[in-house]
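Novice: Before anything else, here's the structure in question.
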Amino acid sequence: MKQKMFADAALAVGTGQGAATKTTISAKFAKFRELGLLAVIVLICIGVQIRNPSFLTWENINDIAANTAILSILSVGMMLVIITRGIDLSIGATLALSGMIAALTVKAHPGLHPLAALLLGFAVGLACGIVIGFLVAKVGILPIIATLGMMNVFRGLTYEASGGKWVSAHQMPDSFKQIATGSLLGINNLIVIAVVIYAVAYYFVSHTRTGRQVYAVGSNPESAEISGIKTKRILWLVYTIMGGLTGLAGVLWVSKFASAQGDTASGYELSVIAACVLGGVSIAGGSGKISGIILGAVLLGILNNALPMINVSPFWQNWIQGMIILAAVVFNALVKRGIDRNNLMRRKI
Amino acid sequence: MAEYVLELKGITKTFPGVKALDNVYFKLRPGEIHALMGENGAGKSTFIKVITGVHAPDEGEIYLNGEKVEFKSPNDAKKAGIAAIYQHVTCYPDLSVTENIFMGHEKVSKLTKRILWNDMHAEAERLLRELGATFSPKTQMGALSVAEQQIVEIAKALSMDAKIIIMDEPTAALSRNESEELYRIAERLRDRGASIIFISHRFEDMYRLASMVTVFRDSKYIGTWRVDEISNPDLIVAMVGREITQLFPKKEAKIGEELLRVEGLGRTGYFADVSFSLRRGEILGLTGLVGAGRTEVCQALFGVTGYDKGKIYFKGREWKVKSPLEAMKRGIGYLPEDRQKQGLVLQWSIGRNITLPSLEKYARRGLLRTASEAQTAKHLAEKVSVKAGSIFDLVSSLSGGNQQKVVFAKLLTADLDVLILDEPTKGVDVGAKSAIYEIISELACSGYGIIMVSSEMPEIIGMCDRVAVMREGRITAMLDRKDITQEAILQASMAGEPAPAEIR
């Protein structure tokens, strides 16, 4: 009886009814995912607000946004990398290296324009990204290995450049520190930069050919090759973008915390990957949305800010974050399994 | 206009160790549907990849409308108006239908290079309607059925304004009604002036659609005929046409009691209604074209993957197979198709590989007794006559045939009754092959029941007591030893009659 239904569904191709129903189901799942994430965020906000009324104040919201900005900038790059079925473990180290070089430069030349410092950090990160992209795309080293290796190289270079010393607040000119503390039209610079990057990234992934090809390469590398997409170039590109964004983030980080250290952002890559996974970027490649990673980064940012405000002990904070990430992954897997099963049933055997 | 839109002369393509195409010819007229047929491994897939510019031929020339061309990349062929519809490879399951249609030739605004989504969606919608499909172009590709995905692939070819369309087994995964729909689309394309190369394992497709047929066999060009001028038996002879010269050392084994009986076994989407029985001392062949579901059935029997319909009786008692370990304990052994990946630890010595599945036999209080382990390994290695200096040689240093013998020795360590052999002579040279046949025959005589999965007709015919032929997930013929011929097997695996596939 059941089988009969499936056969009918297959026959309905001509008339299209089968297709229509199935489509809406999977489309619903996809939409549901982001709405669900939003709902979780809203629920957490309401809960925390009841316990601590100073949570949803303009000041605190601004604070959360500024603190989330760097994470969310990095998530953009990481999303592109993960979409191509890769991973980048080196970004914590790249961030430290570019931040350190920018800090050392402004320490030696206090008169340097802050924009020049930003550009310098960006350039350093870009160079790191190009090297990694070369290793992954041209030499063919697995991303996890290539970036694990380069992570140590970049971290070592950071210590080497600084001689193991910190560059601390009093050694940096005010103009440099104001990159992160200043504001444009009442909005913190970090937030402005993040929003601009998001707008550009959105345009890139959904309205340019190269952007769409990133998805194609991740969704089916073989067929991308057959349909004439230069897959190696795309791979190189995503690691380069990742590096550039990381360099930028490095300068912002050092400016925000007014301190550059050898172990800056150590392990931070895992938070970035977590934000992507929370935002629905599939580690298997091929899918991921800008709107998703914004929500993912915001959720992590809110957890970081809210849990201390309602006196959750730091140990439990990690536990809670871990559980939320796991829940997101399990949810993703279940949705995918459901869709796959549906598709299999529509085969005729 | 030239007489032929596409002409290939003397194409040869060699891959390391294999001649995939050997001096092959092909001619395609404008507005013609031309069937290309041949067994597994006849060279059809490589041939398409040469036409579409994925592989460059080592020798030979390609003419397009009478002019000599050289395709350096898939893009060159695409620009020349050649589109291929592969069965699965080319779709991007995570992306929308529109993107799948336009990937690589998106519509972009001239000035800003911005993708014109609205134009693309509208054009995709138009193409889909033209092909009689009603799903939205914004649907995610992975959510479509195989038939619908095929329509998308055809829409893709149309969007590129292809003059030559290659369809690689487009009906293999379709039901009859879906196939009928596809025939209509193909005819419409032909009437619009496109030429179609149609690759299929179904005679039905060929008779229904094609006006010409070209046959390849063992990487060679056999001939081209008008479809209405060649009879079905002649065509089959053209496709198999080899003499079986090899001698098979099959000894008559004593057929004993029933070991295994399978009734109506099915796994949604992979195979259905599979029934057979296996007796002691019997060699049961399981053959059919690649993708017919043979390996899937074996893996279900061995507990690697599940099954959701039907029953398995082992020695008369019903039994649900849950895991390979349990299957081994009960007495079923599996020789995997890919011995290097699934059958052996290449970096280990011969002896360690052989005793791996039965280590507990040589262990006392958690410690291995290496002496008795080595003794068993040596004994078994000699029994299957592995050619090596000692059992401490690394498996990676052995030839393919000897590696396979080690896998056999591995199976013999356990107490088994049923052996499932998946392509036991794949990638093994001729000499070693007959040694392996001898081992198999020996095993049958000593009372094992053997299921042998193979694509190679000579060994199926030479070794098996009975043969089950599978097609599209079902057993289409069960042949007794006296009825096993190349023609009968091919007939059953390709079937000119419409498949009894309509599910009631």
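So you can find residues: chains in the structure tokens are A, B, ... in the order shown, residues in each start at 1, and ligands are numbered from 1 in order.
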What parts of stretch 272-396 of chain B does DSSP call strand (DSSP E or B)? I'd like the answer as number ranges by chain.
Specialist: B: 272-279, 283-288, 309-314, 317-318, 332-335, 349, 363-364, 367-368, 394
Novice: Tell me, which residues of stretch 188-353 of chain B carry DSSP helix (DSSP H, G or I), written as a ChimeraX atom specification?
Specialist: /B:188-191,203-209,227-229,232-240,294-301,324-330,339-343,350-353
Novice: Could you tell me which of B:Leu116, B:Ala35, B:Ile222, B:Ile199 comes closest to B:Ile48 if we count only C-alpha atoms?
Specialist: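 When distances to B:Ile48 are compared using only C-alpha atoms, the smallest one comes from B:Ile199.
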Novice: Residues of stretch 194-233 of chain A that have any atom at most 12 Å from an atom of stretch 70-85 of chain A: could you tabulate them with the shortest-distance atom pair and the distance in Å to one decimal, using only C-alpha atoms, ordered by chain and increasing number, as a tab-separated table?
Specialist:
```
residue	atom	partner	partner_atom	distance
A:Ala194	CA	A:Ile73	CA	5.8
A:Val195	CA	A:Ile73	CA	8.8
A:Val196	CA	A:Ile73	CA	9.8
A:Ile197	CA	A:Ile73	CA	7.0
A:Tyr198	CA	A:Val76	CA	7.5
A:Ala199	CA	A:Val76	CA	10.8
A:Val200	CA	A:Val76	CA	10.4
A:Ala201	CA	A:Val76	CA	7.3
A:Tyr202	CA	A:Val76	CA	9.4
A:Phe204	CA	A:Leu80	CA	10.7
A:Val205	CA	A:Leu80	CA	8.8
A:Thr210	CA	A:Leu80	CA	11.6
A:Gly211	CA	A:Leu80	CA	9.0
A:Arg212	CA	A:Leu80	CA	10.7
A:Gln213	CA	A:Thr84	CA	9.6
A:Val214	CA	A:Thr84	CA	6.3
A:Tyr215	CA	A:Ile83	CA	6.2
A:Ala216	CA	A:Thr84	CA	8.2
A:Val217	CA	A:Thr84	CA	5.9
A:Gly218	CA	A:Thr84	CA	3.9
A:Ser219	CA	A:Thr84	CA	7.5
A:Asn220	CA	A:Thr84	CA	9.3
A:Pro221	CA	A:Thr84	CA	8.5
A:Ala224	CA	A:Thr84	CA	11.3
A:Thr231	CA	A:Thr84	CA	9.4
A:Lys232	CA	A:Thr84	CA	10.6
A:Arg233	CA	A:Thr84	CA	11.7
```
Novice: Those same residues, written as a CSV table (one decimal), in the first residue's frame with N, CA and C atoms?
Specialist:
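Saved the output as again02.csv:
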```
chain,number,residue,atom,x,y,z
A,194,ALA,N,31.9,45.3,10.9
A,194,ALA,CA,31.3,44.0,10.7
A,194,ALA,C,30.1,44.1,9.8
A,195,VAL,N,29.2,45.1,9.9
A,195,VAL,CA,28.1,45.2,9.1
A,195,VAL,C,28.5,45.4,7.6
A,196,VAL,N,29.5,46.3,7.4
A,196,VAL,CA,30.0,46.5,6.0
A,196,VAL,C,30.5,45.1,5.4
A,197,ILE,N,31.2,44.4,6.2
A,197,ILE,CA,31.8,43.1,5.7
A,197,ILE,C,30.6,42.1,5.4
A,198,TYR,N,29.6,42.1,6.3
A,198,TYR,CA,28.5,41.3,6.0
A,198,TYR,C,27.7,41.6,4.7
A,199,ALA,N,27.6,42.9,4.5
A,199,ALA,CA,26.9,43.4,3.3
A,199,ALA,C,27.7,42.9,2.1
A,200,VAL,N,29.0,43.2,2.1
A,200,VAL,CA,29.8,42.8,1.0
A,200,VAL,C,29.8,41.2,0.8
A,201,ALA,N,29.9,40.5,1.9
A,201,ALA,CA,29.9,39.1,1.8
A,201,ALA,C,28.6,38.5,1.3
A,202,TYR,N,27.5,39.2,1.7
A,202,TYR,CA,26.2,38.7,1.2
A,202,TYR,C,26.1,38.9,-0.3
A,204,PHE,N,28.6,39.0,-2.3
A,204,PHE,CA,29.5,38.1,-3.0
A,204,PHE,C,29.0,36.7,-3.1
A,205,VAL,N,28.4,36.2,-2.0
A,205,VAL,CA,28.0,34.8,-2.1
A,205,VAL,C,26.7,34.6,-2.9
A,210,THR,N,31.5,34.0,-9.0
A,210,THR,CA,32.5,33.3,-8.1
A,210,THR,C,31.9,32.9,-6.8
A,211,GLY,N,31.1,33.7,-6.2
A,211,GLY,CA,30.5,33.3,-5.0
A,211,GLY,C,29.7,32.1,-5.1
A,212,ARG,N,28.9,31.9,-6.1
A,212,ARG,CA,28.1,30.7,-6.3
A,212,ARG,C,29.0,29.5,-6.6
A,213,GLN,N,30.1,29.8,-7.3
A,213,GLN,CA,31.0,28.6,-7.6
A,213,GLN,C,31.6,28.1,-6.3
A,214,VAL,N,31.8,28.9,-5.3
A,214,VAL,CA,32.3,28.4,-4.0
A,214,VAL,C,31.3,27.3,-3.5
A,215,TYR,N,30.0,27.5,-3.6
A,215,TYR,CA,29.0,26.5,-3.2
A,215,TYR,C,29.1,25.3,-4.1
A,216,ALA,N,29.3,25.5,-5.4
A,216,ALA,CA,29.3,24.4,-6.3
A,216,ALA,C,30.5,23.5,-6.0
A,217,VAL,N,31.6,24.1,-5.7
A,217,VAL,CA,32.8,23.3,-5.4
A,217,VAL,C,32.6,22.4,-4.2
A,218,GLY,N,31.9,23.0,-3.2
A,218,GLY,CA,31.7,22.3,-2.0
A,218,GLY,C,30.6,21.2,-2.1
A,219,SER,N,29.6,21.5,-3.0
A,219,SER,CA,28.5,20.6,-3.1
A,219,SER,C,28.8,19.4,-3.9
A,220,ASN,N,29.7,19.5,-4.9
A,220,ASN,CA,30.1,18.4,-5.7
A,220,ASN,C,31.3,18.7,-6.5
A,221,PRO,N,32.5,18.5,-5.8
A,221,PRO,CA,33.8,18.9,-6.4
A,221,PRO,C,34.0,18.3,-7.8
A,224,ALA,N,31.9,19.9,-10.4
A,224,ALA,CA,32.4,21.3,-10.6
A,224,ALA,C,33.5,21.3,-11.6
A,231,THR,N,38.3,24.7,-9.8
A,231,THR,CA,38.1,24.4,-8.4
A,231,THR,C,39.3,24.8,-7.6
A,232,LYS,N,40.5,24.6,-8.1
A,232,LYS,CA,41.7,25.0,-7.3
A,232,LYS,C,41.8,26.5,-7.0
A,233,ARG,N,41.4,27.2,-8.0
A,233,ARG,CA,41.4,28.7,-7.8
A,233,ARG,C,40.4,29.1,-6.8
```
Novice: Tell me, as a PDB file with C-alpha atoms, in the first residue's frame, which residues lie within 8 Å of A:Tyr268, counting only C-alpha atoms; anything in the same chain fewer than 4 positions away does not count.
Specialist:
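The file below, around.pdb, is the result:
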```pdb
ATOM      1  CA  ILE A  91      43.192  31.685  12.217  1.00  0.00           C
ATOM      2  CA  GLY A  92      43.910  32.169  15.940  1.00  0.00           C
ATOM      3  CA  VAL A 272      34.534  30.591  15.117  1.00  0.00           C
TER       4      VAL A 272
END
```
Novice: Give me, as JSON, numbers by chain, all polymer residues having an atom no more than 6 Å from stretch 337-353 of chain B, counting only C-alpha atoms and skipping those fewer than 5 positions away in the same chain.
Specialist: {"B": [377, 391, 392, 393, 394, 395, 396, 422, 423]}
Novice: May I have the residues from that selection written out with C-alpha atoms, as a short mmCIF file (atom, residue, chain, number, x, y, z; two decimals), in the first residue's frame?
Specialist:
```cif
data_model
loop_
_atom_site.label_atom_id
_atom_site.label_comp_id
_atom_site.auth_asym_id
_atom_site.auth_seq_id
_atom_site.Cartn_x
_atom_site.Cartn_y
_atom_site.Cartn_z
CA ALA B 377 49.00 -18.61 9.74
CA ILE B 391 54.55 -15.28 6.54
CA PHE B 392 56.44 -12.28 7.94
CA ASP B 393 56.61 -10.56 4.54
CA LEU B 394 54.47 -7.48 4.24
CA VAL B 395 51.21 -7.91 2.36
CA SER B 396 51.93 -4.73 0.39
CA ASP B 422 32.41 -10.10 -4.09
CA GLU B 423 34.36 -9.91 -7.37
#
```
Novice: Out of B:Gly53, B:Gly281, B:Gly366, B:Gly193, which residue has the shortest atom-to-atom distance to chain A when counting only C-alpha atoms?
Specialist: B:Gly53
Novice: List the neighbours of B:Gly333 out to 10 Å using only C-alpha atoms; skip same-chain residues closer than 2 positions along the sequence, and give me the result as a list in words.
Specialist: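 So, after excluding close chain neighbours, the residues are Leu301, Phe302, Pro324, Leu325, Ala327, Met328, Lys329, Arg330, Gly331, Leu335, Pro336, Phe408, Lys410, Leu411, Leu412, Ala414, Asp415, Leu416, Asp417, Val418, Leu419, Ile420, Leu421 and Ile450 of chain B.
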Novice: Kindly save the residues from that selection, with C-alpha atoms included, as a PDB file, in the first residue's frame.
Specialist:
```pdb
ATOM      1  CA  LEU B 301      23.266 -10.675   4.025  1.00  0.00           C
ATOM      2  CA  PHE B 302      26.458  -9.965   5.915  1.00  0.00           C
ATOM      3  CA  PRO B 324      29.052  -8.409  10.430  1.00  0.00           C
ATOM      4  CA  LEU B 325      30.444  -9.761  13.700  1.00  0.00           C
ATOM      5  CA  ALA B 327      27.182 -12.943  10.765  1.00  0.00           C
ATOM      6  CA  MET B 328      30.733 -14.244  11.177  1.00  0.00           C
ATOM      7  CA  LYS B 329      29.831 -15.980  14.441  1.00  0.00           C
ATOM      8  CA  ARG B 330      26.905 -17.666  12.781  1.00  0.00           C
ATOM      9  CA  GLY B 331      29.083 -18.829   9.939  1.00  0.00           C
ATOM     10  CA  LEU B 335      35.244 -11.304   0.838  1.00  0.00           C
ATOM     11  CA  PRO B 336      34.959  -7.616  -0.003  1.00  0.00           C
ATOM     12  CA  PHE B 408      40.916 -16.250   1.437  1.00  0.00           C
ATOM     13  CA  LYS B 410      41.739 -15.044   6.481  1.00  0.00           C
ATOM     14  CA  LEU B 411      38.251 -16.381   5.816  1.00  0.00           C
ATOM     15  CA  LEU B 412      39.410 -19.930   6.546  1.00  0.00           C
ATOM     16  CA  ALA B 414      36.876 -18.799  11.212  1.00  0.00           C
ATOM     17  CA  ASP B 415      34.330 -21.589  11.399  1.00  0.00           C
ATOM     18  CA  LEU B 416      32.213 -20.709   8.399  1.00  0.00           C
ATOM     19  CA  ASP B 417      29.590 -22.406   6.282  1.00  0.00           C
ATOM     20  CA  VAL B 418      28.711 -19.713   3.775  1.00  0.00           C
ATOM     21  CA  LEU B 419      31.199 -17.585   1.860  1.00  0.00           C
ATOM     22  CA  ILE B 420      30.147 -14.472   0.000  1.00  0.00           C
ATOM     23  CA  LEU B 421      32.798 -13.549  -2.570  1.00  0.00           C
ATOM     24  CA  ILE B 450      29.481 -20.089  -1.923  1.00  0.00           C
TER      25      ILE B 450
END
```
Novice: List the spatial neighbours of B:Gly31 as a PDB file with C-alpha atoms, in the first residue's frame - criterion: any atom at most 6 Å away, only C-alpha atoms, same-chain residues fewer than 2 positions off excluded.
Specialist:
```pdb
ATOM      1  CA  ARG B 190      15.455  15.662 -31.935  1.00  0.00           C
ATOM      2  CA  GLY B 193      17.299  19.672 -34.608  1.00  0.00           C
ATOM      3  CA  ALA B 194      19.479  18.395 -31.774  1.00  0.00           C
ATOM      4  CA  SER B 195      21.464  15.205 -32.193  1.00  0.00           C
TER       5      SER B 195
END
```
